[in-house]
file work19.cif (mmCIF, C-alpha atoms)
data_start
#
loop_
_atom_site.label_atom_id
_atom_site.label_comp_id
_atom_site.auth_asym_id
_atom_site.auth_seq_id
_atom_site.Cartn_x
_atom_site.Cartn_y
_atom_site.Cartn_z
CA MET A 199 115.20 45.53 -13.33
CA VAL A 200 114.59 43.40 -16.40
CA THR A 201 117.64 41.21 -16.87
CA ALA A 202 117.53 40.67 -20.60
CA TRP A 203 115.68 41.55 -23.75
CA GLY A 204 114.03 38.31 -24.77
CA ALA A 205 113.72 37.01 -28.29
CA ALA A 206 110.79 38.15 -30.36
CA GLY A 207 107.82 35.89 -30.25
CA CYS A 208 105.03 37.63 -28.44
CA SER A 209 101.54 36.34 -28.99
CA THR A 210 99.06 38.33 -30.96
CA GLY A 211 96.93 40.73 -28.99
CA SER A 212 93.30 40.12 -28.23
CA PRO A 213 90.73 41.10 -30.85
CA SER A 214 89.68 43.95 -28.62
CA GLY A 215 93.22 45.19 -28.11
CA PRO A 216 94.21 48.81 -27.67
CA PRO A 217 94.34 51.16 -30.65
CA ALA A 218 97.35 50.68 -32.90
CA PRO A 219 100.14 52.66 -31.29
CA SER A 220 101.86 55.45 -33.19
CA THR A 221 105.04 55.92 -31.27
CA THR A 222 108.24 57.49 -32.42
CA ALA A 223 110.07 56.72 -29.22
CA THR A 224 113.79 56.32 -29.56
CA THR A 225 116.69 54.12 -28.82
CA SER A 226 119.78 55.64 -27.28
CA PRO A 227 122.45 57.04 -29.58
CA GLY A 228 124.66 54.31 -30.94
CA GLY A 229 121.84 51.72 -30.87
CA GLY A 230 122.27 50.78 -27.19
CA GLN A 231 119.52 50.12 -24.65
CA PRO A 232 116.19 51.74 -25.50
CA THR A 233 115.32 54.96 -23.81
CA GLY A 234 112.17 56.96 -23.24
CA ASP A 235 108.87 55.36 -24.14
CA LEU A 236 110.52 52.24 -25.55
CA ALA A 237 112.29 51.72 -22.26
CA PHE A 238 108.95 51.99 -20.51
CA ALA A 239 107.43 49.51 -22.96
CA GLY A 240 110.12 47.03 -21.97
CA LEU A 241 109.55 47.69 -18.28
CA ALA A 242 105.80 47.34 -18.68
CA ALA A 243 106.16 44.07 -20.57
CA SER A 244 108.43 42.75 -17.81
CA VAL A 245 105.92 43.73 -15.13
CA GLU A 246 103.13 41.98 -17.05
CA ASN A 247 105.38 38.93 -17.49
CA LEU A 248 105.96 38.87 -13.74
CA LEU A 249 102.23 38.94 -13.02
CA ILE A 250 101.65 36.14 -15.51
CA ALA A 251 104.36 33.99 -13.94
CA SER A 252 103.31 34.79 -10.38
CA TYR A 253 99.71 33.85 -11.04
CA GLN A 254 100.89 30.61 -12.64
CA THR A 255 102.87 29.77 -9.52
CA ALA A 256 99.91 30.64 -7.31
CA LEU A 257 97.51 28.56 -9.41
CA GLY A 258 99.94 25.67 -9.21
CA ALA A 259 100.04 25.97 -5.44
CA ALA A 260 96.25 26.11 -5.32
CA GLY A 261 95.90 23.09 -7.59
CA GLY A 262 98.44 21.19 -5.52
CA GLY A 263 96.44 21.71 -2.34
CA LYS A 264 99.07 23.94 -0.76
CA LEU A 265 96.63 26.76 -0.06
CA GLY A 266 93.84 24.79 1.51
CA THR A 267 90.45 25.18 -0.10
CA VAL A 268 90.56 27.65 -2.95
CA PRO A 269 87.10 28.33 -4.40
CA ALA A 270 86.55 28.00 -8.12
CA SER A 271 85.36 31.60 -8.22
CA LEU A 272 88.85 32.73 -7.21
CA THR A 273 90.88 30.41 -9.44
CA THR A 274 88.67 31.26 -12.41
CA LEU A 275 89.19 34.95 -11.72
CA VAL A 276 92.97 34.57 -11.41
CA LYS A 277 93.08 32.71 -14.74
CA THR A 278 91.13 35.55 -16.34
CA LEU A 279 93.44 38.17 -14.86
CA GLN A 280 96.42 36.18 -16.13
CA SER A 281 94.96 36.10 -19.62
CA HIS A 282 94.48 39.88 -19.53
CA HIS A 283 98.12 40.32 -18.53
CA ARG A 284 99.20 38.15 -21.46
CA ASP A 285 97.30 40.53 -23.74
CA HIS A 286 98.92 43.52 -22.02
CA ALA A 287 102.40 42.06 -22.43
CA ALA A 288 101.63 41.41 -26.09
CA ALA A 289 100.55 45.02 -26.57
CA TRP A 290 103.78 46.39 -25.13
CA ASN A 291 105.87 43.92 -27.06
CA ALA A 292 104.08 44.92 -30.25
CA ILE A 293 105.36 48.46 -29.67
CA LEU A 294 108.88 47.16 -29.18
CA THR A 295 108.92 44.90 -32.22
CA ALA A 296 107.38 47.64 -34.38
CA ALA A 297 110.40 49.73 -33.42
CA GLY A 298 112.74 46.94 -34.45
CA LEU A 299 113.46 45.75 -30.92
CA PRO A 300 113.04 42.24 -29.58
CA ALA A 301 110.05 41.39 -27.44
CA VAL A 302 110.68 41.25 -23.71
CA THR A 303 110.02 37.86 -22.20
CA ALA A 304 111.92 38.40 -18.95
CA VAL A 305 110.28 39.45 -15.70
CA ASP A 306 110.90 42.58 -13.66
CA THR A 307 113.48 41.18 -11.27
CA THR A 308 113.36 44.14 -8.89
CA LEU A 309 109.67 43.62 -8.32
CA GLN A 310 110.21 39.89 -8.24
CA ALA A 311 112.76 40.14 -5.46
CA SER A 312 110.85 42.71 -3.42
CA VAL A 313 107.28 41.49 -3.79
CA THR A 314 106.48 38.27 -5.60
CA GLN A 315 109.22 35.96 -4.35
CA PRO A 316 108.59 36.67 -0.66
CA GLY A 317 104.84 36.87 -1.28
CA LEU A 318 104.67 33.50 -3.01
CA ALA A 319 106.97 31.90 -0.45
CA ALA A 320 104.63 32.98 2.32
CA LEU A 321 101.46 31.97 0.49
CA LYS A 322 99.35 29.59 2.58
CA THR A 323 95.68 30.42 1.95
CA ALA A 324 93.18 31.65 -0.62
CA THR A 325 92.98 34.93 1.29
CA GLY A 326 96.74 35.27 1.03
CA LEU A 327 96.52 34.67 -2.71
CA THR A 328 93.87 37.38 -3.03
CA GLN A 329 95.95 39.84 -1.02
CA LEU A 330 99.08 39.15 -3.05
CA ALA A 331 97.16 39.62 -6.29
CA ILE A 332 95.71 42.92 -5.06
CA GLY A 333 99.20 44.17 -4.27
CA LEU A 334 100.52 43.26 -7.70
CA GLU A 335 97.55 44.74 -9.54
CA ARG A 336 97.90 47.98 -7.55
CA ILE A 337 101.54 48.26 -8.56
CA ALA A 338 100.68 47.68 -12.20
CA ALA A 339 97.85 50.23 -12.13
CA ALA A 340 100.04 52.80 -10.37
CA THR A 341 102.82 52.23 -12.90
CA TYR A 342 100.53 52.92 -15.83
CA LEU A 343 98.98 55.95 -14.15
CA GLU A 344 102.36 57.49 -13.42
CA ALA A 345 103.44 56.86 -17.00
CA ALA A 346 100.28 58.32 -18.52
CA GLN A 347 100.43 61.38 -16.29
CA GLY A 348 103.87 62.45 -17.33
CA GLY A 349 106.41 59.73 -17.82
CA LEU A 350 105.55 59.07 -21.46
CA THR A 351 105.92 61.40 -24.41
CA THR A 352 104.31 59.63 -27.37
CA THR A 353 100.60 59.35 -28.00
CA GLY A 354 100.74 55.62 -28.71
CA ALA A 355 102.43 54.80 -25.44
CA VAL A 356 100.05 57.00 -23.44
CA GLN A 357 97.06 55.44 -25.19
CA THR A 358 98.30 51.95 -24.42
CA SER A 359 98.91 52.85 -20.78
CA ILE A 360 95.49 54.43 -20.37
CA ALA A 361 93.82 51.46 -22.09
CA ILE A 362 95.39 49.10 -19.56
CA GLN A 363 95.40 51.09 -16.31
CA PRO A 364 91.60 51.03 -15.82
CA VAL A 365 91.59 47.26 -16.33
CA GLU A 366 94.22 46.77 -13.62
CA MET A 367 92.09 49.01 -11.39
CA GLN A 368 89.10 46.81 -12.18
CA HIS A 369 91.14 43.76 -11.22
CA VAL A 370 91.86 45.40 -7.86
CA ALA A 371 88.19 46.16 -7.20
CA ILE A 372 86.98 42.67 -8.09
CA LEU A 373 89.67 41.07 -5.91
CA GLU A 374 88.83 43.45 -3.07
CA ALA A 375 85.21 42.34 -3.32
CA PHE A 376 86.35 38.99 -1.89
CA LEU A 377 87.83 40.71 1.17
CA THR A 378 86.01 43.92 2.03
CA ALA A 379 82.62 45.57 2.19
CA THR A 380 83.96 48.62 0.31
CA PRO A 381 85.87 47.35 -2.72
CA VAL A 382 86.32 50.85 -4.17
CA ALA A 383 87.55 53.05 -1.35
CA ALA A 384 89.09 55.99 -3.19
CA SER A 385 87.73 58.58 -5.60
CA PHE A 386 91.01 58.91 -7.46
CA ALA A 387 93.66 56.44 -8.54
CA SER A 388 97.08 56.58 -6.92
CA THR A 389 100.63 56.32 -8.23
CA ALA A 390 101.90 54.87 -4.95
CA GLY A 391 104.25 51.97 -5.65
CA ALA A 392 104.62 52.74 -9.35
CA ARG A 393 107.55 51.41 -11.28
CA THR A 394 108.78 54.43 -13.19
CA VAL A 395 109.95 55.29 -16.70
CA GLY A 396 113.25 56.29 -15.17
CA ASP A 397 113.89 52.65 -14.25
CA GLY A 398 116.15 51.40 -16.99
CA ILE A 399 116.89 47.99 -18.37
CA ALA A 400 119.71 46.23 -16.61
CA MET B 728 86.25 81.66 -33.78
CA THR B 729 86.43 83.53 -30.50
CA ILE B 730 86.50 87.31 -30.29
CA VAL B 731 89.93 87.14 -28.64
CA ARG B 732 91.31 85.08 -31.51
CA ARG B 733 89.87 87.44 -34.17
CA ARG B 734 91.56 90.40 -32.48
CA ARG B 735 94.80 88.49 -32.17
CA ASP B 736 94.76 87.61 -35.87
CA ARG B 737 93.93 91.21 -36.78
CA ASP B 738 96.88 92.41 -34.74
CA ARG B 739 99.16 89.82 -36.28
CA ARG B 740 98.13 90.89 -39.77
CA ALA B 741 98.81 94.49 -38.81
CA LEU B 742 102.30 93.46 -37.82
CA GLY B 743 102.82 91.55 -41.06
CA VAL B 744 102.59 88.25 -39.23
CA PRO B 745 100.44 85.67 -40.99
CA PRO B 746 97.63 84.29 -38.84
CA PRO B 747 98.20 80.80 -37.53
CA LEU B 748 96.54 77.86 -39.16
CA LEU B 749 93.00 77.55 -37.97
CA THR B 750 93.18 75.10 -35.10
CA ALA B 751 91.07 74.72 -32.04
CA ASP B 752 92.21 76.97 -29.24
CA PRO B 753 93.67 74.44 -26.80
CA THR B 754 92.45 76.21 -23.71
CA GLY B 755 88.90 76.49 -25.11
CA SER B 756 88.91 72.80 -26.01
CA ASP B 757 90.19 71.90 -22.59
CA VAL B 758 87.43 73.94 -20.97
CA ALA B 759 84.82 72.13 -23.05
CA ALA B 760 86.33 68.77 -22.19
CA ALA B 761 86.28 69.57 -18.48
CA GLN B 762 82.68 70.81 -18.73
CA THR B 763 81.62 67.71 -20.65
CA ALA B 764 83.18 65.53 -17.99
CA ALA B 765 81.37 67.53 -15.33
CA SER B 766 78.09 67.09 -17.20
CA ILE B 767 78.60 63.31 -17.23
CA GLU B 768 79.29 63.38 -13.50
CA ASN B 769 76.10 65.39 -13.02
CA VAL B 770 74.17 62.59 -14.73
CA ALA B 771 75.82 60.00 -12.51
CA ILE B 772 75.19 61.92 -9.29
CA ALA B 773 71.54 62.50 -10.09
CA LEU B 774 70.97 58.90 -11.11
CA TYR B 775 72.80 57.32 -8.20
CA GLY B 776 70.91 59.64 -5.87
CA ARG B 777 67.66 58.07 -6.99
CA ALA B 778 68.79 54.52 -7.65
CA SER B 779 68.73 53.25 -4.07
CA ASP B 780 65.09 54.28 -3.70
CA LEU B 781 63.88 52.65 -6.88
CA VAL B 782 61.47 49.79 -6.45
CA SER B 783 63.79 47.45 -8.29
CA VAL B 784 66.40 47.89 -5.53
CA GLN B 785 64.02 48.27 -2.61
CA SER B 786 62.39 44.96 -3.49
CA LEU B 787 65.62 43.07 -2.88
CA GLY B 788 66.07 41.46 0.49
CA SER B 789 68.87 42.51 2.75
CA PRO B 790 71.85 42.11 2.78
CA ALA B 791 71.82 42.46 -1.04
CA ARG B 792 69.79 45.67 -0.78
CA LEU B 793 72.16 47.07 1.82
CA THR B 794 75.21 46.10 -0.22
CA LEU B 795 73.82 47.74 -3.34
CA ALA B 796 72.81 50.83 -1.41
CA ALA B 797 76.34 51.13 -0.03
CA LEU B 798 77.84 50.55 -3.48
CA LEU B 799 75.57 53.16 -5.07
CA ASN B 800 76.13 55.69 -2.30
CA GLY B 801 79.88 55.16 -2.44
CA ALA B 802 79.91 55.64 -6.19
CA ALA B 803 77.81 58.79 -5.82
CA GLN B 804 80.38 60.25 -3.43
CA HIS B 805 83.20 59.43 -5.83
CA HIS B 806 81.31 61.14 -8.63
CA ALA B 807 80.81 64.22 -6.44
CA ASP B 808 84.58 64.36 -5.97
CA HIS B 809 85.09 63.94 -9.71
CA LEU B 810 82.60 66.74 -10.42
CA THR B 811 84.51 69.03 -8.08
CA ALA B 812 87.77 68.23 -9.85
CA PHE B 813 86.39 68.79 -13.36
CA ASN B 814 84.62 72.03 -12.51
CA ALA B 815 87.72 73.28 -10.72
CA ALA B 816 89.63 72.66 -13.95
CA ALA B 817 86.96 74.37 -16.05
CA THR B 818 87.05 77.54 -13.96
CA ARG B 819 90.83 77.50 -13.62
CA LEU B 820 91.07 77.44 -17.42
CA GLY B 821 88.76 80.41 -17.77
CA GLY B 822 85.40 78.74 -18.28
CA ARG B 823 82.52 78.33 -15.90
CA ALA B 824 81.43 75.37 -13.86
CA GLN B 825 79.00 72.99 -15.53
CA THR B 826 75.99 72.27 -13.33
CA ALA B 827 73.78 70.68 -15.98
CA PRO B 828 73.68 67.02 -16.97
CA ASP B 829 74.87 65.82 -20.37
CA PRO B 830 71.61 66.00 -22.37
CA ALA B 831 72.68 63.24 -24.75
CA LEU B 832 72.72 60.74 -21.90
CA THR B 833 69.10 61.41 -20.91
CA SER B 834 67.61 59.08 -23.49
CA SER B 835 70.44 56.55 -23.59
CA VAL B 836 71.05 56.17 -19.85
CA VAL B 837 68.75 58.07 -17.51
CA GLN B 838 65.43 56.96 -18.94
CA PRO B 839 66.39 53.28 -19.23
CA ALA B 840 67.72 53.34 -15.67
CA LEU B 841 64.60 54.89 -14.21
CA GLY B 842 62.45 52.54 -16.25
CA ALA B 843 64.33 49.38 -15.31
CA THR B 844 61.99 46.72 -14.01
CA THR B 845 64.63 44.70 -12.22
CA ALA B 846 67.66 45.57 -10.13
CA ALA B 847 69.86 43.65 -12.58
CA GLN B 848 68.67 45.85 -15.45
CA LEU B 849 69.30 48.98 -13.40
CA LEU B 850 72.82 47.90 -12.51
CA GLN B 851 73.59 47.08 -16.13
CA VAL B 852 72.52 50.58 -17.22
CA LEU B 853 74.58 52.16 -14.44
CA ALA B 854 77.55 50.04 -15.52
CA GLN B 855 77.07 51.35 -19.03
CA LEU B 856 77.14 54.93 -17.74
CA GLU B 857 80.35 54.20 -15.85
CA LEU B 858 81.89 52.71 -18.97
CA VAL B 859 80.91 55.76 -21.03
CA ALA B 860 82.54 57.96 -18.41
CA ALA B 861 85.69 55.83 -18.25
CA GLU B 862 86.07 55.78 -22.04
CA THR B 863 85.40 59.49 -22.37
CA TYR B 864 88.04 60.33 -19.80
CA ALA B 865 90.57 57.90 -21.27
CA ALA B 866 90.13 59.55 -24.65
CA GLN B 867 90.72 62.97 -23.13
CA VAL B 868 94.01 61.96 -21.52
CA VAL B 869 95.69 62.23 -24.92
CA ALA B 870 93.49 65.05 -26.23
CA VAL B 871 93.69 67.87 -23.70
CA SER B 872 96.65 70.18 -23.40
CA ASP B 873 96.46 71.25 -19.76
CA ARG B 874 98.66 68.94 -17.69
CA GLN B 875 96.57 69.14 -14.52
CA LEU B 876 93.36 68.31 -16.39
CA LYS B 877 95.10 65.47 -18.20
CA ASN B 878 96.21 64.06 -14.87
CA SER B 879 92.68 64.33 -13.49
CA PHE B 880 91.27 62.39 -16.42
CA ALA B 881 93.94 59.73 -15.95
CA ALA B 882 93.27 59.45 -12.21
CA ILE B 883 89.51 59.16 -12.64
CA THR B 884 89.00 56.83 -15.62
CA GLY B 885 90.14 53.79 -13.63
CA VAL B 886 87.74 54.48 -10.76
CA GLU B 887 84.80 54.59 -13.18
CA ALA B 888 86.02 51.27 -14.57
CA GLN B 889 86.01 49.87 -11.04
CA HIS B 890 82.42 50.99 -10.55
CA ALA B 891 81.48 49.38 -13.86
CA GLY B 892 83.13 46.12 -12.89
CA LEU B 893 81.38 45.78 -9.55
CA LEU B 894 78.02 46.73 -11.06
CA LEU B 895 78.44 44.14 -13.82
CA ALA B 896 79.38 41.43 -11.34
CA ALA B 897 76.43 42.28 -9.10
CA ALA B 898 74.06 42.37 -12.09
CA SER B 899 75.29 38.95 -13.14
CA LEU B 900 74.58 37.51 -9.71
CA LEU B 901 71.10 39.01 -9.68
CA ASP B 902 70.47 37.63 -13.18
CA GLU B 903 71.34 34.17 -11.88
CA ALA B 904 69.02 34.65 -8.92
CA LYS B 905 72.01 34.57 -6.59
CA VAL B 906 70.71 37.52 -4.58
CA ALA B 907 72.31 36.41 -1.34
CA SER B 908 75.72 36.24 -3.05
CA VAL B 909 75.69 39.94 -3.89
CA ALA B 910 76.75 41.03 -0.41
CA PHE B 911 80.34 42.26 0.02
CA PRO B 912 82.65 40.75 0.91
CA TRP B 913 81.71 37.90 -1.36
CA GLU B 914 81.44 34.47 0.14
CA ALA B 915 83.83 32.86 -2.32
CA ALA B 916 82.77 29.31 -1.56
CA THR B 917 79.19 29.96 -2.65
CA LEU B 918 79.95 32.33 -5.51
CA PRO B 919 79.35 30.87 -8.99
CA ALA B 920 82.65 30.06 -10.68
CA THR B 921 82.43 32.81 -13.30
CA ALA B 922 80.72 35.49 -11.20
CA ALA B 923 83.83 37.51 -10.41
CA THR B 924 85.09 37.42 -13.99
CA GLU B 925 81.86 39.12 -15.09
CA GLY B 926 83.29 42.19 -13.40
CA THR B 927 86.35 42.37 -15.60
CA PRO B 928 85.19 41.38 -19.09
CA SER B 929 87.87 43.01 -21.24
CA ALA B 930 91.66 43.20 -21.28
CA PHE B 931 91.63 46.78 -22.57
CA LEU B 932 89.48 49.84 -22.11
CA ARG B 933 88.49 51.14 -25.50
CA THR B 934 87.24 54.62 -26.39
CA ASP B 935 84.58 53.93 -29.01
CA GLN B 936 81.85 54.89 -26.54
CA ALA B 937 83.58 58.10 -25.49
CA ARG B 938 81.29 61.11 -25.63
CA PRO B 939 82.38 64.02 -27.89
CA PRO B 940 84.49 66.44 -25.84
CA THR B 941 82.22 69.41 -26.53
CA GLU B 942 78.92 67.62 -25.91
CA GLY B 943 78.51 68.89 -22.37
CA ALA B 944 80.14 72.28 -22.80
CA ALA B 945 78.42 75.05 -20.88
CA ARG B 946 76.35 77.21 -23.23
#

call {"tool": "encode", "arguments": {"input": "work19.cif", "output": "structure tokens"}}
result
Amino acid sequence: MVTAWGAAGCSTGSPSGPPAPSTTATTSPGGGQPTGDLAFAGLAASVENLLIASYQTALGAAGGGKLGTVPASLTTLVKTLQSHHRDHAAAWNAILTAAGLPAVTAVDTTLQASVTQPGLAALKTATGLTQLAIGLERIAAATYLEAAQGGLTTTGAVQTSIAIQPVEMQHVAILEAFLTATPVAASFASTAGARTVGDGIA
Amino acid sequence: MTIVRRRRDRDRRALGVPPPLLTADPTGSDVAAAQTAASIENVAIALYGRASDLVSVQSLGSPARLTLAALLNGAAQHHADHLTAFNAAATRLGGRAQTAPDPALTSSVVQPALGATTAAQLLQVLAQLELVAAETYAAQVVAVSDRQLKNSFAAITGVEAQHAGLLLAAASLLDEAKVASVAFPWEAATLPATAATEGTPSAFLRTDQARPPTEGAAR
């Protein structure tokens, strides 16, 4: 779960950002924690924040020589993926701030505890870095697919999800190209491992 | 306006019920969207079926030629599965399966692909087709009413984006005369620093290249 709503201060989106969202998602009665699509926006921002932070840790390990030889093609790619995730986080936070809520700067701590902390602790090679990144990108893609297929109710939120999900899928394929002869194995995307709209904010 | 809708409005008037505002019949629009998607897949299947045999690909040495052949054949199989899904939706919603290609893509995609003089050019055109498909399907996720069709569009757009990414990366390597680097899995140590990033150029998938949802409707 995300542990706190961070202060506003998200960066501006990229010039080629998603279409301006038109969401009328709600907060809970009495002005408590957001619900519905706004809750998902917070979750999504926290997942993106986790990917950003995890890639930063991995790049630091690579730069510090802790992963052996890490080719420039891989570190350059990871930096690009990280920059995309910054844009994704900004897009979700734009939805939140437009609704009068603070931007989320925290990370998804459930995912952090279950995937990135153990994954980063065990990281020893460039191959391990690639595999960890694939796992994270798959979770992100699955999360957006599940949301777009039924978890979200407003057009803006669905549009934002469906503008991001294919990019996470692309990340998976390009990372897989470092490891396998068949980087795109499936005809249809999967929701396996998705973080769901039902997950609230702690 | 369909015959069914004219009769329905006539009956409503007879009952003193005002006809509804003139809006597109959601099921009819969904049928057209499914058929248009099927017509795009028909273009992809036909083109990928010929791409491996084109001189521009055949002239590459192996393993690049073998890698591209596998990539193209794999994509063709995915598109066959997508075609099945879209035509199943079209018939389930009361329309008929679309077996024809999207005619609007003949001049913008098919002809340039078949006329490509290099493998890099061919891959770039194929990547463009994949992007058109991905954007069209992304646009339809929020446009169609049928839940199952919506879910199909959502589950397929990302796969087309994956195809586009790999084609763009491979095209970039061929453009840089790094033919030997095309083979999957990539040899990371010899890959140019920016080669992989060529396969994921944008943070967001837009929809400005989406085809109109009725363009490939069965006539």

call {"tool": "resolve_selection", "arguments": {"input": "work19.cif", "expression": "the PyMOL selection byres ((chain B and resi 931-940) around 7)", "output": "PyMOL selection string"}}
result
(chain A and resi 214-216+361-362+364-365) or (chain B and resi 759-760+763+859+862-863+865-866+929-930+941-942)

call {"tool": "write_last_selection", "arguments": {"input": "work19.cif", "atoms": "C-alpha atoms", "output": "PDB file, in the frame of the given file"}}
result
ATOM      1  CA  SER A 214      89.680  43.950 -28.620  1.00  0.00           C
ATOM      2  CA  GLY A 215      93.220  45.190 -28.110  1.00  0.00           C
ATOM      3  CA  PRO A 216      94.210  48.810 -27.670  1.00  0.00           C
ATOM      4  CA  ALA A 361      93.820  51.460 -22.090  1.00  0.00           C
ATOM      5  CA  ILE A 362      95.390  49.100 -19.560  1.00  0.00           C
ATOM      6  CA  PRO A 364      91.600  51.030 -15.820  1.00  0.00           C
ATOM      7  CA  VAL A 365      91.590  47.260 -16.330  1.00  0.00           C
TER       8      VAL A 365
ATOM      9  CA  ALA B 759      84.820  72.130 -23.050  1.00  0.00           C
ATOM     10  CA  ALA B 760      86.330  68.770 -22.190  1.00  0.00           C
ATOM     11  CA  THR B 763      81.620  67.710 -20.650  1.00  0.00           C
ATOM     12  CA  VAL B 859      80.910  55.760 -21.030  1.00  0.00           C
ATOM     13  CA  GLU B 862      86.070  55.780 -22.040  1.00  0.00           C
ATOM     14  CA  THR B 863      85.400  59.490 -22.370  1.00  0.00           C
ATOM     15  CA  ALA B 865      90.570  57.900 -21.270  1.00  0.00           C
ATOM     16  CA  ALA B 866      90.130  59.550 -24.650  1.00  0.00           C
ATOM     17  CA  SER B 929      87.870  43.010 -21.240  1.00  0.00           C
ATOM     18  CA  ALA B 930      91.660  43.200 -21.280  1.00  0.00           C
ATOM     19  CA  THR B 941      82.220  69.410 -26.530  1.00  0.00           C
ATOM     20  CA  GLU B 942      78.920  67.620 -25.910  1.00  0.00           C
TER      21      GLU B 942
END

call {"tool": "interface_residues", "arguments": {"input": "work19.cif", "of": "chain A", "to": "chain B", "cutoff": "6 Å", "atoms": "all atoms listed in the file", "output": "VMD selection string"}}
result
chain A and resid 215 269 to 271 275 282 347 361 to 362 364 367 to 368 371 375 to 379 385 to 387

call {"tool": "resolve_selection", "arguments": {"input": "work19.cif", "expression": "the PyMOL selection byres ((chain A and resi 252-265) around 8)", "output": "list in words"}}
result
Leu248, Leu249, Ile250, Ala251, Gly266, Thr267, Val268, Thr273, Val276, Lys277, Gln280, Thr314, Leu318, Leu321, Lys322, Thr323, Ala324, Leu327 and Ala331 of chain A

call {"tool": "residues_around", "arguments": {"input": "work19.cif", "residues": "Arg946 of chain B", "least_positions_apart": "6", "cutoff": "12 Å", "atoms": "only C-alpha atoms", "output": "ChimeraX atom specification"}}
result
/B:758-759,762-763,766,822-827,829

call {"tool": "axis_aligned_box", "arguments": {"input": "work19.cif", "around": "segment 318-334 of chain A", "padding_each_side": "5 Å", "output": "lines of an AutoDock Vina configuration file"}}
result
center_x = 100.0
center_y = 36.9
center_z = -2.6
size_x = 24.0
size_y = 24.6
size_z = 20.3

call {"tool": "atom_distance", "arguments": {"input": "work19.cif", "atom1": "atom CA of Ala904 of chain B", "atom2": "atom CA of Ala791 of chain B"}}
result
11.4 Å

call {"tool": "closest_residue", "arguments": {"input": "work19.cif", "among": "A:Ala384, A:Ile372, A:Ala355, A:Ile337", "to": "Ala289 of chain A", "atoms": "all atoms listed in the file"}}
result
A:Ala355

call {"tool": "closest_residue", "arguments": {"input": "work19.cif", "among": "A:Gly391, A:Pro381, A:Ser244, A:Asp235", "to": "Val305 of chain A", "atoms": "only C-alpha atoms"}}
result
A:Ser244

call {"tool": "closest_residue", "arguments": {"input": "work19.cif", "among": "B:Ala945, B:Ala817, B:Val770, B:Ala840", "to": "Asp757 of chain B", "atoms": "all atoms listed in the file"}}
result
B:Ala817

call {"tool": "atom_distance", "arguments": {"input": "work19.cif", "atom1": "atom CA of Leu343 of chain A", "atom2": "atom CA of Leu820 of chain B"}}
result
23.1 Å

call {"tool": "build_atoms", "arguments": {"input": "work19.cif", "residues": "segment 759-771 of chain B", "atoms": "N, CA and C atoms", "output": "mmCIF file, keeping the file's coordinate frame"}}
result
data_model
loop_
_atom_site.group_PDB
_atom_site.id
_atom_site.type_symbol
_atom_site.label_atom_id
_atom_site.label_comp_id
_atom_site.auth_asym_id
_atom_site.auth_seq_id
_atom_site.Cartn_x
_atom_site.Cartn_y
_atom_site.Cartn_z
ATOM 1 N N ALA B 759 85.975 72.930 -22.621
ATOM 2 C CA ALA B 759 84.820 72.130 -23.050
ATOM 3 C C ALA B 759 84.939 70.693 -22.562
ATOM 4 N N ALA B 760 86.141 70.152 -22.632
ATOM 5 C CA ALA B 760 86.330 68.770 -22.190
ATOM 6 C C ALA B 760 86.061 68.636 -20.694
ATOM 7 N N ALA B 761 86.524 69.602 -19.923
ATOM 8 C CA ALA B 761 86.280 69.570 -18.480
ATOM 9 C C ALA B 761 84.785 69.718 -18.188
ATOM 10 N N GLN B 762 84.123 70.595 -18.935
ATOM 11 C CA GLN B 762 82.680 70.810 -18.730
ATOM 12 C C GLN B 762 81.885 69.569 -19.142
ATOM 13 N N THR B 763 82.302 68.935 -20.221
ATOM 14 C CA THR B 763 81.620 67.710 -20.650
ATOM 15 C C THR B 763 81.766 66.628 -19.594
ATOM 16 N N ALA B 764 82.972 66.505 -19.054
ATOM 17 C CA ALA B 764 83.180 65.530 -17.990
ATOM 18 C C ALA B 764 82.306 65.846 -16.786
ATOM 19 N N ALA B 765 82.219 67.126 -16.442
ATOM 20 C CA ALA B 765 81.370 67.530 -15.330
ATOM 21 C C ALA B 765 79.907 67.206 -15.610
ATOM 22 N N SER B 766 79.491 67.368 -16.852
ATOM 23 C CA SER B 766 78.090 67.090 -17.200
ATOM 24 C C SER B 766 77.796 65.596 -17.083
ATOM 25 N N ILE B 767 78.773 64.759 -17.396
ATOM 26 C CA ILE B 767 78.600 63.310 -17.230
ATOM 27 C C ILE B 767 78.500 62.981 -15.742
ATOM 28 N N GLU B 768 79.350 63.609 -14.949
ATOM 29 C CA GLU B 768 79.290 63.380 -13.500
ATOM 30 C C GLU B 768 77.942 63.847 -12.933
ATOM 31 N N ASN B 769 77.406 64.930 -13.472
ATOM 32 C CA ASN B 769 76.100 65.390 -13.020
ATOM 33 C C ASN B 769 75.021 64.337 -13.277
ATOM 34 N N VAL B 770 75.116 63.676 -14.427
ATOM 35 C CA VAL B 770 74.170 62.590 -14.730
ATOM 36 C C VAL B 770 74.320 61.478 -13.703
ATOM 37 N N ALA B 771 75.564 61.099 -13.442
ATOM 38 C CA ALA B 771 75.820 60.000 -12.510
ATOM 39 C C ALA B 771 75.318 60.339 -11.109
#
